[in-house]
>>> print(open('start22.pdb').read())   # PDB, C-alpha atoms, pLDDT in the B column
ATOM      1  CA  MET A   1      21.474  90.307 138.452  1.00 51.00           C
ATOM      2  CA  PRO A   2      20.987  91.734 141.969  1.00 51.00           C
ATOM      3  CA  THR A   3      23.772  94.025 143.051  1.00 49.00           C
ATOM      4  CA  SER A   4      23.170  93.390 146.742  1.00 67.00           C
ATOM      5  CA  ALA A   5      26.079  91.947 148.659  1.00 79.00           C
ATOM      6  CA  ASP A   6      23.707  90.954 151.471  1.00 86.00           C
ATOM      7  CA  PRO A   7      23.924  87.141 151.766  1.00 85.00           C
ATOM      8  CA  ALA A   8      20.322  86.887 152.959  1.00 86.00           C
ATOM      9  CA  GLU A   9      19.022  88.685 149.878  1.00 90.00           C
ATOM     10  CA  ARG A  10      21.269  86.690 147.567  1.00 93.00           C
ATOM     11  CA  ALA A  11      20.264  83.328 149.093  1.00 94.00           C
ATOM     12  CA  ALA A  12      16.576  84.255 149.008  1.00 93.00           C
ATOM     13  CA  ALA A  13      16.863  85.342 145.355  1.00 95.00           C
ATOM     14  CA  VAL A  14      18.541  82.060 144.400  1.00 97.00           C
ATOM     15  CA  ALA A  15      15.892  80.057 146.280  1.00 96.00           C
ATOM     16  CA  ALA A  16      13.014  81.920 144.621  1.00 97.00           C
ATOM     17  CA  THR A  17      14.543  81.570 141.166  1.00 97.00           C
ATOM     18  CA  VAL A  18      15.188  77.840 141.536  1.00 98.00           C
ATOM     19  CA  LEU A  19      11.711  77.219 142.978  1.00 97.00           C
ATOM     20  CA  ALA A  20      10.151  79.018 140.013  1.00 97.00           C
ATOM     21  CA  HIS A  21      11.480  76.355 137.628  1.00 97.00           C
ATOM     22  CA  PRO A  22       8.579  74.045 136.690  1.00 96.00           C
ATOM     23  CA  GLY A  23      10.712  70.919 137.147  1.00 96.00           C
ATOM     24  CA  VAL A  24      11.489  71.712 140.783  1.00 97.00           C
ATOM     25  CA  ALA A  25       9.074  70.495 143.461  1.00 97.00           C
ATOM     26  CA  ARG A  26      10.988  71.962 146.406  1.00 97.00           C
ATOM     27  CA  LEU A  27      14.406  72.703 147.825  1.00 97.00           C
ATOM     28  CA  ASP A  28      16.068  70.121 150.059  1.00 97.00           C
ATOM     29  CA  GLY A  29      18.759  70.478 152.689  1.00 93.00           C
ATOM     30  CA  GLY A  30      20.527  67.259 151.806  1.00 84.00           C
ATOM     31  CA  PRO A  31      21.991  64.967 154.449  1.00 82.00           C
ATOM     32  CA  PHE A  32      21.624  66.496 157.918  1.00 87.00           C
ATOM     33  CA  GLY A  33      20.473  69.794 156.399  1.00 87.00           C
ATOM     34  CA  SER A  34      24.033  70.524 155.332  1.00 89.00           C
ATOM     35  CA  ILE A  35      23.067  72.361 152.154  1.00 95.00           C
ATOM     36  CA  ALA A  36      21.803  75.607 153.608  1.00 94.00           C
ATOM     37  CA  SER A  37      22.745  79.233 154.008  1.00 91.00           C
ATOM     38  CA  HIS A  38      22.931  80.010 157.710  1.00 85.00           C
ATOM     39  CA  LEU A  39      21.922  83.612 158.194  1.00 82.00           C
ATOM     40  CA  PRO A  40      21.154  85.719 161.245  1.00 82.00           C
ATOM     41  CA  GLY A  41      17.870  84.438 162.645  1.00 84.00           C
ATOM     42  CA  ARG A  42      17.137  81.974 159.841  1.00 85.00           C
ATOM     43  CA  ARG A  43      18.542  79.662 157.232  1.00 88.00           C
ATOM     44  CA  VAL A  44      17.707  79.069 153.608  1.00 92.00           C
ATOM     45  CA  LEU A  45      17.459  75.309 153.215  1.00 94.00           C
ATOM     46  CA  GLY A  46      18.627  73.922 149.870  1.00 96.00           C
ATOM     47  CA  VAL A  47      20.894  76.858 148.987  1.00 97.00           C
ATOM     48  CA  ARG A  48      24.466  77.160 150.194  1.00 96.00           C
ATOM     49  CA  LEU A  49      26.329  80.231 149.026  1.00 93.00           C
ATOM     50  CA  GLY A  50      29.993  79.444 148.537  1.00 86.00           C
ATOM     51  CA  ILE A  51      32.666  81.308 150.445  1.00 86.00           C
ATOM     52  CA  GLY A  52      35.662  82.420 148.433  1.00 86.00           C
ATOM     53  CA  ASP A  53      36.242  79.923 145.628  1.00 90.00           C
ATOM     54  CA  GLU A  54      33.679  77.420 146.936  1.00 94.00           C
ATOM     55  CA  PRO A  55      30.804  76.678 144.551  1.00 97.00           C
ATOM     56  CA  VAL A  56      27.216  77.589 145.212  1.00 97.00           C
ATOM     57  CA  GLN A  57      25.345  74.424 146.129  1.00 97.00           C
ATOM     58  CA  ILE A  58      21.675  73.822 145.551  1.00 97.00           C
ATOM     59  CA  ALA A  59      19.713  70.680 146.370  1.00 97.00           C
ATOM     60  CA  VAL A  60      16.311  70.053 144.874  1.00 97.00           C
ATOM     61  CA  VAL A  61      13.485  67.562 144.741  1.00 97.00           C
ATOM     62  CA  VAL A  62      12.257  67.350 141.158  1.00 97.00           C
ATOM     63  CA  HIS A  63       8.918  66.424 139.623  1.00 95.00           C
ATOM     64  CA  VAL A  64       8.550  63.111 137.794  1.00 92.00           C
ATOM     65  CA  GLY A  65       8.586  63.815 134.084  1.00 86.00           C
ATOM     66  CA  GLY A  66      10.520  67.047 134.490  1.00 77.00           C
ATOM     67  CA  GLY A  67      12.916  66.035 131.750  1.00 85.00           C
ATOM     68  CA  PRO A  68      16.417  64.576 131.731  1.00 93.00           C
ATOM     69  CA  LEU A  69      18.273  65.352 134.953  1.00 94.00           C
ATOM     70  CA  PRO A  70      21.488  66.591 133.268  1.00 95.00           C
ATOM     71  CA  ARG A  71      19.459  69.117 131.263  1.00 96.00           C
ATOM     72  CA  LEU A  72      17.591  70.226 134.389  1.00 96.00           C
ATOM     73  CA  ALA A  73      20.904  70.682 136.220  1.00 97.00           C
ATOM     74  CA  GLU A  74      22.195  72.839 133.350  1.00 97.00           C
ATOM     75  CA  GLN A  75      19.041  74.946 133.431  1.00 97.00           C
ATOM     76  CA  LEU A  76      19.266  75.437 137.196  1.00 98.00           C
ATOM     77  CA  THR A  77      22.947  76.342 136.910  1.00 98.00           C
ATOM     78  CA  GLY A  78      22.021  79.000 134.357  1.00 98.00           C
ATOM     79  CA  LEU A  79      19.304  80.376 136.629  1.00 98.00           C
ATOM     80  CA  VAL A  80      21.679  80.608 139.598  1.00 98.00           C
ATOM     81  CA  ARG A  81      24.284  82.370 137.437  1.00 97.00           C
ATOM     82  CA  GLY A  82      21.572  84.772 136.303  1.00 97.00           C
ATOM     83  CA  VAL A  83      21.172  85.801 139.938  1.00 96.00           C
ATOM     84  CA  LEU A  84      24.775  85.656 141.189  1.00 95.00           C
ATOM     85  CA  GLY A  85      26.923  86.083 138.097  1.00 94.00           C
ATOM     86  CA  ASP A  86      29.649  83.761 136.839  1.00 94.00           C
ATOM     87  CA  VAL A  87      29.952  81.343 139.777  1.00 95.00           C
ATOM     88  CA  ASP A  88      30.544  77.610 140.012  1.00 97.00           C
ATOM     89  CA  VAL A  89      27.314  75.783 140.823  1.00 98.00           C
ATOM     90  CA  GLU A  90      26.784  72.255 142.137  1.00 97.00           C
ATOM     91  CA  VAL A  91      23.284  70.853 141.709  1.00 97.00           C
ATOM     92  CA  THR A  92      22.152  67.888 143.793  1.00 96.00           C
ATOM     93  CA  VAL A  93      18.936  66.076 142.951  1.00 95.00           C
ATOM     94  CA  ALA A  94      17.948  64.809 146.384  1.00 94.00           C
ATOM     95  CA  ASP A  95      14.740  63.051 145.375  1.00 94.00           C
ATOM     96  CA  ILE A  96      12.008  62.753 142.778  1.00 94.00           C
ATOM     97  CA  ALA A  97       8.455  63.696 143.758  1.00 93.00           C
ATOM     98  CA  GLY A  98       5.725  61.402 142.457  1.00 79.00           C
TER      99      GLY A  98
END
>>> encode(input="start22.pdb", output="structure tokens")
Amino acid sequence: MPTSADPAERAAAVAATVLAHPGVARLDGGPFGSIASHLPGRRVLGVRLGIGDEPVQIAVVVHVGGGPLPRLAEQLTGLVRGVLGDVDVEVTVADIAG
């Protein structure tokens, strides 16, 4: 688990970890790009780090045949917790890539 408190590093680490899952085609910003971490000079689309007690939100587009969606959500939650520690995680499947 990274010890960095830098939000940019944490958001980038979550994005890279989620994208490495074979069932994930890409990250997605959700409606109006609202699921994103807004950082100085850039934003990480598809990853929103919670503030305080807010959950971490991730939104993904998954591959067809990537397995049952509830299982995929559990796997992604575990990956995010592996990066950030024991946090609440909300996973949104925005679309399925053909």
>>> atom_distance(input="start22.pdb", atom1="CA of Leu27 (chain A)", atom2="CA of Val89 (chain A)")
15.0 Å
>>> atom_distance(input="start22.pdb", atom1="CA of Arg48 (chain A)", atom2="CA of Ile96 (chain A)")
20.4 Å
>>> atom_distance(input="start22.pdb", atom1="CA of Val60 (chain A)", atom2="CA of Glu90 (chain A)")
11.0 Å
>>> resolve_selection(input="start22.pdb", expression="the PyMOL selection byres ((chain A and resi 71-79) around 10)", output="MDAnalysis selection string")
chainID A and resid 14 17:21 23:24 56:58 60 62 66:70 80:93
>>> resolve_selection(input="start22.pdb", expression="the PyMOL selection byres ((chain A and resi 12) around 12)", output="count of residues only")
31
>>> closest_residue(input="start22.pdb", among="A:Ala25, A:Ile35, A:Ala5, A:Ala97", to="Pro55 (chain A)", atoms="all atoms listed in the file")
A:Ile35
>>> decode(input="start22.pdb", residues="region 77-88 of chain A", atoms="all heavy atoms", output="compact mmCIF listing (two decimals), in the first residue's frame")
# COMPACT_ATOMS: atom_id res chain seq x y z
N THR A 77 -13.06 -3.72 -5.77
CA THR A 77 -13.04 -3.16 -4.41
C THR A 77 -11.79 -3.63 -3.68
O THR A 77 -11.11 -2.84 -3.03
CB THR A 77 -14.32 -3.57 -3.65
OG1 THR A 77 -15.44 -2.99 -4.30
CG2 THR A 77 -14.27 -3.13 -2.20
N GLY A 78 -11.47 -4.91 -3.79
CA GLY A 78 -10.27 -5.43 -3.15
C GLY A 78 -9.00 -4.80 -3.67
O GLY A 78 -8.08 -4.50 -2.91
N LEU A 79 -8.95 -4.55 -4.98
CA LEU A 79 -7.77 -3.90 -5.57
C LEU A 79 -7.61 -2.47 -5.05
O LEU A 79 -6.50 -2.05 -4.71
CB LEU A 79 -7.88 -3.91 -7.09
CG LEU A 79 -7.74 -5.26 -7.78
CD1 LEU A 79 -8.05 -5.15 -9.26
CD2 LEU A 79 -6.35 -5.84 -7.55
N VAL A 80 -8.73 -1.74 -4.99
CA VAL A 80 -8.67 -0.36 -4.50
C VAL A 80 -8.22 -0.35 -3.04
O VAL A 80 -7.37 0.46 -2.64
CB VAL A 80 -10.02 0.36 -4.67
CG1 VAL A 80 -10.02 1.70 -3.96
CG2 VAL A 80 -10.35 0.53 -6.15
N ARG A 81 -8.75 -1.26 -2.24
CA ARG A 81 -8.33 -1.33 -0.82
C ARG A 81 -6.88 -1.73 -0.69
O ARG A 81 -6.21 -1.33 0.27
CB ARG A 81 -9.24 -2.30 -0.07
CG ARG A 81 -10.62 -1.73 0.14
CD ARG A 81 -11.51 -2.68 0.90
NE ARG A 81 -12.81 -2.04 1.13
CZ ARG A 81 -13.92 -2.73 1.33
NH1 ARG A 81 -13.90 -4.05 1.36
NH2 ARG A 81 -15.05 -2.08 1.52
N GLY A 82 -6.36 -2.51 -1.64
CA GLY A 82 -4.95 -2.85 -1.63
C GLY A 82 -4.06 -1.63 -1.84
O GLY A 82 -2.92 -1.60 -1.38
N VAL A 83 -4.59 -0.63 -2.50
CA VAL A 83 -3.84 0.61 -2.74
C VAL A 83 -4.05 1.62 -1.61
O VAL A 83 -3.10 2.24 -1.14
CB VAL A 83 -4.25 1.25 -4.09
CG1 VAL A 83 -3.62 2.62 -4.28
CG2 VAL A 83 -3.90 0.34 -5.25
N LEU A 84 -5.30 1.77 -1.17
CA LEU A 84 -5.64 2.85 -0.24
C LEU A 84 -5.88 2.41 1.20
O LEU A 84 -6.02 3.25 2.08
CB LEU A 84 -6.91 3.57 -0.73
CG LEU A 84 -6.82 4.23 -2.10
CD1 LEU A 84 -8.16 4.85 -2.47
CD2 LEU A 84 -5.70 5.26 -2.14
N GLY A 85 -5.97 1.13 1.44
CA GLY A 85 -6.28 0.66 2.79
C GLY A 85 -7.77 0.39 2.92
O GLY A 85 -8.51 0.28 1.94
N ASP A 86 -8.22 0.30 4.16
CA ASP A 86 -9.62 -0.06 4.45
C ASP A 86 -10.53 1.14 4.24
O ASP A 86 -10.80 1.90 5.17
CB ASP A 86 -9.73 -0.59 5.88
CG ASP A 86 -11.10 -1.15 6.19
OD1 ASP A 86 -11.82 -1.52 5.24
OD2 ASP A 86 -11.46 -1.21 7.37
N VAL A 87 -10.99 1.31 3.00
CA VAL A 87 -11.88 2.42 2.64
C VAL A 87 -13.16 1.84 2.05
O VAL A 87 -13.19 0.71 1.57
CB VAL A 87 -11.23 3.37 1.61
CG1 VAL A 87 -10.01 4.07 2.19
CG2 VAL A 87 -10.86 2.63 0.33
N ASP A 88 -14.23 2.61 2.11
CA ASP A 88 -15.46 2.24 1.41
C ASP A 88 -15.26 2.52 -0.07
O ASP A 88 -14.67 3.55 -0.45
CB ASP A 88 -16.66 3.05 1.92
CG ASP A 88 -17.07 2.64 3.33
OD1 ASP A 88 -16.88 1.46 3.69
OD2 ASP A 88 -17.58 3.50 4.06
